[in-house]
$ cat structure-v1.tsv   # TSV, C-alpha atoms
chain	number	residue	atom	x	y	z
A	1	MET	CA	0.00	0.00	0.00
A	2	ALA	CA	2.93	2.29	0.71
A	3	GLY	CA	3.73	2.32	-3.01
A	4	LYS	CA	0.35	3.66	-4.04
A	5	PRO	CA	0.43	7.18	-5.58
A	6	ARG	CA	-0.99	9.91	-3.38
A	7	GLY	CA	-3.87	10.48	-5.82
A	8	GLU	CA	-4.85	6.81	-5.61
A	9	GLN	CA	-4.81	6.90	-1.81
A	10	HIS	CA	-6.95	10.05	-1.89
A	11	ILE	CA	-9.50	8.30	-4.12
A	12	GLY	CA	-9.42	5.31	-1.78
A	13	LEU	CA	-10.09	7.47	1.26
A	14	LEU	CA	-13.01	9.21	-0.47
A	15	ASN	CA	-14.49	5.82	-1.37
A	16	GLY	CA	-13.97	4.57	2.18
A	17	PHE	CA	-15.75	7.61	3.63
A	18	ALA	CA	-18.53	7.16	1.06
A	19	ALA	CA	-19.00	3.46	1.87
A	20	TYR	CA	-19.08	3.80	5.65
A	21	GLY	CA	-20.99	7.07	5.43
A	22	MET	CA	-23.75	5.41	3.40
A	23	TRP	CA	-23.85	2.45	5.79
A	24	GLY	CA	-24.07	4.90	8.67
A	25	LEU	CA	-26.93	6.89	7.13
A	26	VAL	CA	-28.97	3.90	5.94
A	27	PRO	CA	-31.33	4.11	8.98
A	28	LEU	CA	-32.84	7.13	7.22
A	29	PHE	CA	-33.86	4.91	4.30
A	30	TRP	CA	-35.70	1.97	5.88
A	31	PRO	CA	-38.56	4.04	7.42
A	32	LEU	CA	-39.32	5.39	3.94
A	33	LEU	CA	-40.45	1.89	2.97
A	34	LYS	CA	-43.35	1.76	5.41
A	35	PRO	CA	-46.09	0.47	5.39
A	36	ALA	CA	-44.08	-2.54	4.13
A	37	GLY	CA	-43.08	-4.76	7.04
A	38	ALA	CA	-39.51	-5.81	7.81
A	39	ALA	CA	-39.93	-9.24	6.16
A	40	GLU	CA	-41.25	-7.76	2.90
A	41	ILE	CA	-38.46	-5.15	2.83
A	42	LEU	CA	-35.90	-7.89	3.47
A	43	ALA	CA	-37.26	-10.05	0.63
A	44	HIS	CA	-37.14	-7.11	-1.78
A	45	ARG	CA	-33.60	-6.31	-0.69
A	46	MET	CA	-32.48	-9.88	-1.39
A	47	ALA	CA	-34.20	-10.03	-4.79
A	48	TRP	CA	-33.25	-6.58	-6.11
A	49	SER	CA	-29.66	-6.85	-4.85
A	50	LEU	CA	-29.10	-9.80	-7.19
A	51	VAL	CA	-30.52	-7.80	-10.11
A	52	VAL	CA	-28.24	-4.81	-9.42
A	53	VAL	CA	-25.10	-6.84	-8.73
A	54	SER	CA	-25.67	-9.00	-11.82
A	55	ALA	CA	-25.90	-5.82	-13.91
A	56	VAL	CA	-22.61	-4.57	-12.41
A	57	LEU	CA	-20.87	-7.89	-13.15
A	58	LEU	CA	-22.29	-7.89	-16.66
A	59	VAL	CA	-20.79	-4.46	-17.33
A	60	MET	CA	-17.46	-5.50	-15.77
A	61	ARG	CA	-17.52	-8.90	-17.55
A	62	ARG	CA	-16.51	-10.75	-14.39
A	63	TRP	CA	-18.19	-14.15	-14.53
A	64	ALA	CA	-15.30	-16.65	-14.51
A	65	TRP	CA	-15.49	-17.00	-10.71
A	66	ALA	CA	-19.04	-18.46	-10.89
A	67	GLY	CA	-18.00	-21.65	-12.69
A	68	GLU	CA	-15.07	-22.13	-10.32
A	69	LEU	CA	-17.34	-21.71	-7.30
A	70	LEU	CA	-19.84	-24.28	-8.55
A	71	ARG	CA	-17.01	-26.82	-8.85
A	72	GLN	CA	-16.03	-26.37	-5.18
A	73	PRO	CA	-18.76	-27.78	-2.87
A	74	ARG	CA	-16.96	-26.65	0.30
A	75	LYS	CA	-16.80	-23.03	-0.84
A	76	LEU	CA	-20.40	-23.23	-2.02
A	77	GLY	CA	-21.40	-24.47	1.43
A	78	LEU	CA	-19.58	-21.54	3.06
A	79	VAL	CA	-21.34	-19.11	0.70
A	80	THR	CA	-24.65	-20.67	1.77
A	81	VAL	CA	-23.72	-20.13	5.43
A	82	ALA	CA	-22.74	-16.52	4.66
A	83	SER	CA	-26.04	-16.03	2.82
A	84	ALA	CA	-28.03	-17.39	5.77
A	85	VAL	CA	-26.34	-15.27	8.44
A	86	ILE	CA	-26.42	-12.06	6.40
A	87	THR	CA	-30.15	-12.67	5.86
A	88	VAL	CA	-30.56	-12.76	9.65
A	89	ASN	CA	-28.38	-9.66	10.00
A	90	TRP	CA	-30.30	-7.66	7.37
A	91	GLY	CA	-33.68	-8.73	8.73
A	92	VAL	CA	-32.89	-7.88	12.35
A	93	TYR	CA	-31.37	-4.54	11.35
A	94	ILE	CA	-34.35	-3.47	9.23
A	95	TRP	CA	-36.77	-4.50	11.97
A	96	ALA	CA	-34.69	-2.72	14.65
A	97	VAL	CA	-34.57	0.58	12.74
A	98	ASN	CA	-38.27	0.57	11.87
A	99	SER	CA	-39.18	-0.40	15.45
A	100	GLY	CA	-37.29	2.45	17.12
A	101	HIS	CA	-34.08	0.63	18.15
A	102	VAL	CA	-31.49	2.50	16.07
A	103	VAL	CA	-29.16	3.11	19.05
A	104	GLU	CA	-29.22	-0.55	20.07
A	105	ALA	CA	-28.58	-1.53	16.45
A	106	SER	CA	-25.55	0.80	16.33
A	107	LEU	CA	-24.22	-0.92	19.45
A	108	GLY	CA	-24.15	-4.20	17.50
A	109	TYR	CA	-21.62	-2.76	15.07
A	110	PHE	CA	-19.60	-1.15	17.85
A	111	ILE	CA	-19.15	-4.49	19.61
A	112	ASN	CA	-18.70	-6.48	16.39
A	113	PRO	CA	-14.85	-6.20	16.46
A	114	LEU	CA	-14.87	-7.57	20.03
A	115	VAL	CA	-17.10	-10.48	19.01
A	116	THR	CA	-14.85	-11.18	16.02
A	117	ILE	CA	-11.83	-11.36	18.33
A	118	ALA	CA	-13.68	-13.66	20.75
A	119	MET	CA	-14.68	-15.96	17.88
A	120	GLY	CA	-11.07	-16.04	16.71
A	121	VAL	CA	-10.02	-17.31	20.14
A	122	LEU	CA	-12.85	-19.84	20.50
A	123	LEU	CA	-13.05	-21.18	16.94
A	124	LEU	CA	-9.64	-20.52	15.38
A	125	LYS	CA	-7.57	-20.91	18.56
A	126	GLU	CA	-5.94	-17.53	18.01
A	127	ARG	CA	-3.77	-16.06	20.76
A	128	LEU	CA	-4.58	-12.58	21.99
A	129	ARG	CA	-2.18	-9.92	23.10
A	130	PRO	CA	-2.72	-8.51	26.63
A	131	VAL	CA	-4.32	-5.29	25.34
A	132	GLN	CA	-6.78	-7.35	23.27
A	133	TRP	CA	-7.71	-9.41	26.35
A	134	ALA	CA	-8.29	-6.18	28.24
A	135	ALA	CA	-10.54	-4.88	25.45
A	136	VAL	CA	-12.62	-8.08	25.44
A	137	GLY	CA	-12.94	-7.89	29.25
A	138	VAL	CA	-14.12	-4.27	29.12
A	139	GLY	CA	-16.55	-5.25	26.34
A	140	LEU	CA	-18.07	-7.99	28.49
A	141	ALA	CA	-18.43	-5.50	31.35
A	142	ALA	CA	-20.23	-3.16	28.94
A	143	VAL	CA	-22.73	-5.89	28.01
A	144	VAL	CA	-23.43	-6.49	31.72
A	145	VAL	CA	-23.99	-2.77	32.32
A	146	LEU	CA	-26.26	-2.49	29.28
A	147	THR	CA	-28.21	-5.58	30.37
A	148	ILE	CA	-28.92	-3.81	33.65
A	149	GLY	CA	-29.79	-0.60	31.78
A	150	TYR	CA	-32.19	-2.25	29.33
A	151	GLY	CA	-33.61	-4.64	31.91
A	152	ARG	CA	-32.68	-7.45	29.51
A	153	PRO	CA	-29.62	-8.46	27.48
A	154	PRO	CA	-29.16	-6.22	24.39
A	155	TRP	CA	-30.42	-8.99	22.10
A	156	ILE	CA	-30.60	-6.84	18.98
A	157	SER	CA	-26.97	-5.73	19.38
A	158	LEU	CA	-25.74	-9.24	20.16
A	159	CYS	CA	-27.64	-10.75	17.23
A	160	LEU	CA	-26.26	-8.16	14.81
A	161	ALA	CA	-22.71	-8.50	16.16
A	162	PHE	CA	-22.61	-12.31	16.15
A	163	SER	CA	-24.32	-12.67	12.77
A	164	PHE	CA	-21.97	-10.16	11.14
A	165	ALA	CA	-18.91	-11.72	12.78
A	166	THR	CA	-19.99	-15.16	11.51
A	167	TYR	CA	-20.57	-13.64	8.08
A	168	GLY	CA	-17.07	-12.16	8.10
A	169	LEU	CA	-15.56	-15.50	9.13
A	170	ALA	CA	-17.38	-17.34	6.31
A	171	LYS	CA	-16.35	-14.71	3.74
A	172	LYS	CA	-12.74	-14.95	4.86
A	173	LYS	CA	-12.78	-18.70	4.21
A	174	VAL	CA	-14.50	-18.28	0.81
A	175	ASN	CA	-12.04	-15.57	-0.30
A	176	LEU	CA	-14.24	-14.02	-3.02
A	177	GLY	CA	-14.31	-10.35	-4.00
A	178	GLY	CA	-17.02	-8.16	-2.50
A	179	ILE	CA	-19.22	-7.90	-5.60
A	180	GLU	CA	-18.76	-11.57	-6.52
A	181	SER	CA	-19.51	-12.67	-2.97
A	182	LEU	CA	-22.69	-10.59	-2.80
A	183	ALA	CA	-23.79	-12.00	-6.17
A	184	ALA	CA	-23.32	-15.58	-4.96
A	185	GLU	CA	-25.10	-14.90	-1.65
A	186	THR	CA	-28.06	-13.12	-3.22
A	187	ALA	CA	-28.34	-15.85	-5.88
A	188	ILE	CA	-29.00	-18.26	-2.99
A	189	GLN	CA	-31.42	-15.79	-1.38
A	190	PHE	CA	-33.26	-14.98	-4.61
A	191	LEU	CA	-35.71	-17.89	-4.98
A	192	PRO	CA	-36.84	-17.94	-1.32
A	193	ALA	CA	-37.26	-14.15	-1.45
A	194	VAL	CA	-39.34	-14.22	-4.63
A	195	ALA	CA	-41.40	-17.17	-3.32
A	196	TYR	CA	-42.16	-15.19	-0.14
A	197	LEU	CA	-43.14	-12.10	-2.11
A	198	LEU	CA	-45.46	-14.14	-4.36
A	199	TRP	CA	-47.04	-15.75	-1.29
A	200	LEU	CA	-47.45	-12.34	0.31
A	201	GLY	CA	-49.10	-11.03	-2.84
A	202	SER	CA	-51.48	-14.00	-3.03
A	203	ARG	CA	-52.71	-13.10	0.47
A	204	GLY	CA	-53.21	-9.48	-0.50
A	205	ASP	CA	-50.62	-8.33	2.06
A	206	ALA	CA	-47.91	-7.11	-0.34
A	207	THR	CA	-47.38	-3.36	-0.61
A	208	PHE	CA	-45.40	-3.50	-3.88
A	209	GLY	CA	-47.76	-2.24	-6.56
A	210	THR	CA	-50.52	-1.30	-4.13
A	211	GLU	CA	-48.96	1.80	-2.52
A	212	GLY	CA	-48.13	3.70	-5.69
A	213	ALA	CA	-45.21	3.89	-8.11
A	214	GLY	CA	-43.02	5.83	-5.67
A	215	HIS	CA	-43.27	3.13	-3.03
A	216	ALA	CA	-42.53	0.40	-5.59
A	217	ALA	CA	-39.46	2.36	-6.79
A	218	LEU	CA	-38.18	2.69	-3.23
A	219	LEU	CA	-38.53	-1.06	-2.66
A	220	ALA	CA	-36.64	-1.71	-5.90
A	221	ALA	CA	-33.96	0.77	-4.75
A	222	THR	CA	-33.05	-1.56	-1.87
A	223	GLY	CA	-30.75	-3.32	-4.35
A	224	VAL	CA	-28.94	-0.08	-5.15
A	225	VAL	CA	-28.71	0.83	-1.45
A	226	THR	CA	-27.07	-2.55	-0.83
A	227	ALA	CA	-24.69	-2.60	-3.81
A	228	ILE	CA	-23.31	0.96	-4.07
A	229	PRO	CA	-21.61	1.09	-0.63
A	230	LEU	CA	-20.05	-2.30	-1.37
A	231	VAL	CA	-18.64	-1.03	-4.68
A	232	CYS	CA	-17.17	2.00	-2.86
A	233	PHE	CA	-15.74	-0.25	-0.17
A	234	GLY	CA	-14.08	-2.44	-2.80
A	235	ALA	CA	-12.53	0.66	-4.40
A	236	ALA	CA	-11.21	1.74	-0.99
A	237	ALA	CA	-9.88	-1.68	0.03
A	238	ILE	CA	-7.41	-1.84	-2.87
A	239	ARG	CA	-6.12	1.71	-2.38
A	240	VAL	CA	-5.72	2.35	1.37
A	241	PRO	CA	-4.03	0.35	4.15
A	242	LEU	CA	-6.13	-2.08	6.19
A	243	SER	CA	-5.30	-0.08	9.33
A	244	THR	CA	-7.04	2.92	7.76
A	245	LEU	CA	-10.07	0.85	6.83
A	246	GLY	CA	-10.13	-0.46	10.39
A	247	LEU	CA	-10.48	3.10	11.67
A	248	LEU	CA	-13.04	4.08	9.04
A	249	GLN	CA	-15.32	1.18	10.04
A	250	TYR	CA	-16.32	3.05	13.20
A	251	LEU	CA	-17.89	5.82	11.13
A	252	ALA	CA	-21.00	3.75	10.38
A	253	PRO	CA	-22.04	2.97	13.99
A	254	VAL	CA	-21.12	6.53	15.06
A	255	PHE	CA	-23.50	7.96	12.45
A	256	GLN	CA	-26.18	5.43	13.42
A	257	PHE	CA	-25.77	6.27	17.11
A	258	LEU	CA	-26.04	10.01	16.45
A	259	LEU	CA	-29.11	9.49	14.25
A	260	GLY	CA	-30.73	7.40	16.95
A	261	ILE	CA	-30.31	10.14	19.55
A	262	PHE	CA	-30.71	13.38	17.59
A	263	TYR	CA	-32.99	12.39	14.69
A	264	PHE	CA	-35.09	9.51	16.06
A	265	HIS	CA	-34.95	10.92	19.63
A	266	GLU	CA	-34.38	7.56	21.34
A	267	ALA	CA	-33.92	7.54	25.10
A	268	MET	CA	-30.41	7.32	26.55
A	269	PRO	CA	-30.55	7.03	30.35
A	270	ALA	CA	-27.33	7.21	32.38
A	271	GLU	CA	-26.78	3.44	32.57
A	272	ARG	CA	-26.88	3.17	28.77
A	273	TRP	CA	-24.36	6.00	28.46
A	274	ALA	CA	-22.15	4.07	30.91
A	275	GLY	CA	-22.43	0.91	28.84
A	276	PHE	CA	-21.62	2.71	25.60
A	277	ALA	CA	-18.70	4.47	27.29
A	278	LEU	CA	-17.24	1.09	28.26
A	279	VAL	CA	-17.65	-0.14	24.68
A	280	TRP	CA	-15.81	2.93	23.40
A	281	VAL	CA	-13.00	2.34	25.92
A	282	ALA	CA	-12.71	-1.25	24.63
A	283	LEU	CA	-12.59	-0.04	21.02
A	284	SER	CA	-9.97	2.58	21.92
A	285	LEU	CA	-7.80	-0.18	23.38
A	286	LEU	CA	-8.22	-2.27	20.22
A	287	THR	CA	-7.39	0.70	17.99
A	288	PHE	CA	-4.31	1.58	20.03
A	289	ASP	CA	-3.11	-2.02	19.90
A	290	ALA	CA	-3.76	-2.32	16.15
A	291	LEU	CA	-1.92	0.92	15.34
A	292	ARG	CA	1.01	-0.03	17.56
A	293	THR	CA	1.25	-3.48	15.97
A	294	ALA	CA	1.03	-2.01	12.45
A	295	ARG	CA	3.75	0.52	13.28
A	296	ARG	CA	6.04	-2.21	14.64
A	297	GLY	CA	5.41	-4.33	11.56
A	298	ALA	CA	6.24	-1.41	9.25
A	299	LEU	CA	9.46	-0.69	11.18
A	300	ALA	CA	10.48	-4.35	11.06
A	301	LEU	CA	9.80	-4.47	7.32
A	302	ARG	CA	11.83	-1.29	6.78
A	303	GLU	CA	14.74	-2.65	8.83
A	304	SER	CA	14.58	-5.94	6.93
A	305	ALA	CA	14.65	-4.12	3.60
A	306	ARG	CA	17.56	-1.95	4.74
A	307	ALA	CA	19.47	-5.02	5.90
A	308	GLY	CA	18.81	-6.69	2.54
A	309	VAL	CA	20.17	-3.71	0.62
A	310	THR	CA	23.27	-3.62	2.85
A	311	SER	CA	23.97	-7.33	2.33
A	312	GLU	CA	23.62	-6.95	-1.46
A	313	VAL	CA	26.14	-4.10	-1.45
A	314	ALA	CA	28.57	-6.04	0.73
A	315	ALA	CA	28.27	-9.35	-1.18
A	316	PRO	CA	30.98	-10.06	-3.81
A	317	ALA	CA	29.85	-10.09	-7.42
A	318	VAL	CA	29.24	-13.53	-8.93
A	319	PRO	CA	30.01	-13.81	-12.65
A	320	GLU	CA	27.13	-14.90	-14.86
A	321	ARG	CA	27.25	-18.36	-16.38
A	322	ALA	CA	27.41	-18.53	-20.14
$ encode --input "structure-v1.tsv" --output "C-alpha cells"
Amino acid sequence: MAGKPRGEQHIGLLNGFAAYGMWGLVPLFWPLLKPAGAAEILAHRMAWSLVVVSAVLLVMRRWAWAGELLRQPRKLGLVTVASAVITVNWGVYIWAVNSGHVVEASLGYFINPLVTIAMGVLLLKERLRPVQWAAVGVGLAAVVVLTIGYGRPPWISLCLAFSFATYGLAKKKVNLGGIESLAAETAIQFLPAVAYLLWLGSRGDATFGTEGAGHAALLAATGVVTAIPLVCFGAAAIRVPLSTLGLLQYLAPVFQFLLGIFYFHEAMPAERWAGFALVWVALSLLTFDALRTARRGALALRESARAGVTSEVAAPAVPERA
C-alpha cells in the first residue's frame, strides 16, 4: 500500500468515507419503505440486490469465478452459510430501525470487532495480546452494564454483532471479491425471497404495486442501497491500508448512534451511556493495539529491507554463467 500514488490513496479514502458514510446513514432509508413490514423489505432487498449486482458484473464482464465456485462444494457451502447469516443480519437490522431501536442496532456494530476477536479465540484458537484481552474484558463488562440498563440483554446488538462476525468468518474462508460474494449470496437468497413475495401477494398483504409507483421504486432501490456502498468499499480496500479501513469502520455505527439520539430521539438514560462508554473504551484499546502493531510491523519491514540492501552491497559479485 505504501507504493500507491498519493492520488490513488486520496481516491481510496473518499471511497472509504462514502461506503461507511452510506452504511451509517442507511437508517434514514428503511422508514421510507413503510407500510411494508420488515420481512417484505428484506425479501425485496435480497431479490433486487441480485438484479443490481448482476448488472454490475455484466458491465465488468466478471463471470469466470461463478463456474469455479460451482465446482467447489466446500466453498459453495460456506457461501450458503454466509447467505443465511447475512439474511438474519439484514432482517434484524431493518426490523430494529423501523421499530425504534437504532441506538441498540448501532451498538451491535460497535461491539462487532470484540465479538470477532472472541470468535477467533474460541473457533480458530488464536492467541490474543494482553491489550486485546483487556478490550474483550471491558466489552463484556459493557454488556453487563447495558443488560442492567435495558432490563434485559441487548439482544438486537448481540444478534447483529454475532451474525456479522460469523458472516465475516465465512467470507474470509471463501475468499471471493465483494461484488462476486454478494452476487453468490443473493443468488442463494433470490428464490426464497421471490417465493415469499409471491405468497405475500397471493394473500393481498404485499405493498409492492398497491402503494403507488413511488413506493414500488423505493422497494426496488433496496438493491442499489445494498450494492453501491459495497462497490465504494471495494474501491477503498485496494487503495488504502487495512489499518485505515479499520479506523473508518467506526464511522457507520457513530453515524447510526447520532441518528438514533438526535434524529429519532431515542432515550439514553445514564446506565446506557455508561455501557456505551465502556464499549468505546474497549474499542480505543483495540485501535491503540492495532496501530502499535502495524507501526512495529512497518518498522520491522523497513529494517529488513535496509538489511537486505546492505547485504547486497557487501556481497561479492558472482560472474554470470554462459
$ closest_residue --input "structure-v1.tsv" --among "A:Val26, A:Val102, A:Leu197, A:Leu259" --to "Ala47 of chain A" --atoms "all atoms listed in the file"
A:Leu197
$ closest_residue --input "structure-v1.tsv" --among "A:Gly212, A:Pro31, A:Gly139, A:Gly178" --to "Ile111 of chain A" --atoms "only C-alpha atoms"
A:Gly139
$ closest_residue --input "structure-v1.tsv" --among "A:Gly100, A:Gly260, A:Gly234, A:Pro269" --to "Ala19 of chain A" --atoms "all atoms listed in the file"
A:Gly234
$ closest_residue --input "structure-v1.tsv" --among "A:Val254, A:Ala170, A:Ile94, A:Ile156" --to "Met119 of chain A" --atoms "all atoms listed in the file"
A:Ala170
$ residues_around --input "structure-v1.tsv" --residues "Gln256 of chain A" --least-positions-apart "6" --cutoff "9 Å" --atoms "only C-alpha atoms" --output "list in words"
Trp23, Gly24, Leu25, Val26, Pro27, Val102, Val103, Ala105, Ser106 and Leu107 of chain A
$ write_last_selection --input "structure-v1.tsv" --atoms "C-alpha atoms" --output "compact mmCIF listing (two decimals), keeping the file's coordinate frame"
# COMPACT_ATOMS: atom_id res chain seq x y z
CA TRP A 23 -23.85 2.45 5.79
CA GLY A 24 -24.07 4.90 8.67
CA LEU A 25 -26.93 6.89 7.13
CA VAL A 26 -28.97 3.90 5.94
CA PRO A 27 -31.33 4.11 8.98
CA VAL A 102 -31.49 2.50 16.07
CA VAL A 103 -29.16 3.11 19.05
CA ALA A 105 -28.58 -1.53 16.45
CA SER A 106 -25.55 0.80 16.33
CA LEU A 107 -24.22 -0.92 19.45
$ residues_around --input "structure-v1.tsv" --residues "Leu248 of chain A" --least-positions-apart "5" --cutoff "8 Å" --atoms "only C-alpha atoms" --output "list in words"
Gly16, Phe17 and Tyr20 of chain A
$ residues_around --input "structure-v1.tsv" --residues "Glu180 of chain A" --least-positions-apart "2" --cutoff "9 Å" --atoms "all atoms listed in the file" --output "PyMOL selection string"
chain A and resi 53+57+62-63+65-66+176-178+182-185
$ atom_distance --input "structure-v1.tsv" --atom1 "atom CA of Trp273 of chain A" --atom2 "atom CA of Thr166 of chain A"
27.5 Å
$ atom_distance --input "structure-v1.tsv" --atom1 "atom CA of Gly12 of chain A" --atom2 "atom CA of Ala135 of chain A"
29.1 Å
$ residues_around --input "structure-v1.tsv" --residues "segment 215-219 of chain A" --least-positions-apart "3" --cutoff "10 Å" --atoms "all atoms listed in the file" --output "mmCIF file with C-alpha atoms, in the coordinates of the input"
data_model
loop_
_atom_site.group_PDB
_atom_site.id
_atom_site.type_symbol
_atom_site.label_atom_id
_atom_site.label_comp_id
_atom_site.auth_asym_id
_atom_site.auth_seq_id
_atom_site.Cartn_x
_atom_site.Cartn_y
_atom_site.Cartn_z
ATOM 1 C CA PHE A 29 -33.860 4.910 4.300
ATOM 2 C CA TRP A 30 -35.700 1.970 5.880
ATOM 3 C CA LEU A 32 -39.320 5.390 3.940
ATOM 4 C CA LEU A 33 -40.450 1.890 2.970
ATOM 5 C CA LYS A 34 -43.350 1.760 5.410
ATOM 6 C CA PRO A 35 -46.090 0.470 5.390
ATOM 7 C CA ALA A 36 -44.080 -2.540 4.130
ATOM 8 C CA GLU A 40 -41.250 -7.760 2.900
ATOM 9 C CA ILE A 41 -38.460 -5.150 2.830
ATOM 10 C CA LEU A 42 -35.900 -7.890 3.470
ATOM 11 C CA ALA A 43 -37.260 -10.050 0.630
ATOM 12 C CA HIS A 44 -37.140 -7.110 -1.780
ATOM 13 C CA ARG A 45 -33.600 -6.310 -0.690
ATOM 14 C CA TRP A 48 -33.250 -6.580 -6.110
ATOM 15 C CA THR A 207 -47.380 -3.360 -0.610
ATOM 16 C CA PHE A 208 -45.400 -3.500 -3.880
ATOM 17 C CA GLY A 209 -47.760 -2.240 -6.560
ATOM 18 C CA THR A 210 -50.520 -1.300 -4.130
ATOM 19 C CA GLU A 211 -48.960 1.800 -2.520
ATOM 20 C CA GLY A 212 -48.130 3.700 -5.690
ATOM 21 C CA THR A 222 -33.050 -1.560 -1.870
ATOM 22 C CA GLY A 223 -30.750 -3.320 -4.350
ATOM 23 C CA VAL A 224 -28.940 -0.080 -5.150
ATOM 24 C CA VAL A 225 -28.710 0.830 -1.450
#
$ atom_distance --input "structure-v1.tsv" --atom1 "atom CA of Val56 of chain A" --atom2 "atom CA of Ala206 of chain A"
28.1 Å
$ residues_near_point --input "structure-v1.tsv" --point "(-22.0, -23.7, 0.5)" --cutoff "12 Å" --atoms "only C-alpha atoms" --output "ChimeraX atom specification"
/A:69-84,170-171,173-174,181,184-185,187-188
$ residues_near_point --input "structure-v1.tsv" --point "(-33.3, -6.9, 11.6)" --cutoff "9 Å" --atoms "all atoms listed in the file" --output "list in words"
Ala38, Ala39, Leu42, Thr87, Val88, Asn89, Trp90, Gly91, Val92, Tyr93, Ile94, Trp95, Ala96, Val97, Asn98, Ala105, Ile156, Cys159 and Leu160 of chain A
$ closest_residue --input "structure-v1.tsv" --among "A:Met268, A:Val131, A:Ala118, A:Leu123" --to "Ala290 of chain A" --atoms "all atoms listed in the file"
A:Val131
$ closest_residue --input "structure-v1.tsv" --among "A:Pro130, A:Ile179, A:Ser163, A:Ala142" --to "Met60 of chain A" --atoms "only C-alpha atoms"
A:Ile179
$ residues_around --input "structure-v1.tsv" --residues "Val136 of chain A" --least-positions-apart "3" --cutoff "9 Å" --atoms "all atoms listed in the file" --output "compact mmCIF listing (two decimals) with C-alpha atoms, in the coordinates of the input"
# COMPACT_ATOMS: atom_id res chain seq x y z
CA LEU A 114 -14.87 -7.57 20.03
CA VAL A 115 -17.10 -10.48 19.01
CA ILE A 117 -11.83 -11.36 18.33
CA ALA A 118 -13.68 -13.66 20.75
CA VAL A 131 -4.32 -5.29 25.34
CA GLN A 132 -6.78 -7.35 23.27
CA TRP A 133 -7.71 -9.41 26.35
CA GLY A 139 -16.55 -5.25 26.34
CA LEU A 140 -18.07 -7.99 28.49
CA ALA A 141 -18.43 -5.50 31.35
CA ALA A 282 -12.71 -1.25 24.63
CA LEU A 286 -8.22 -2.27 20.22
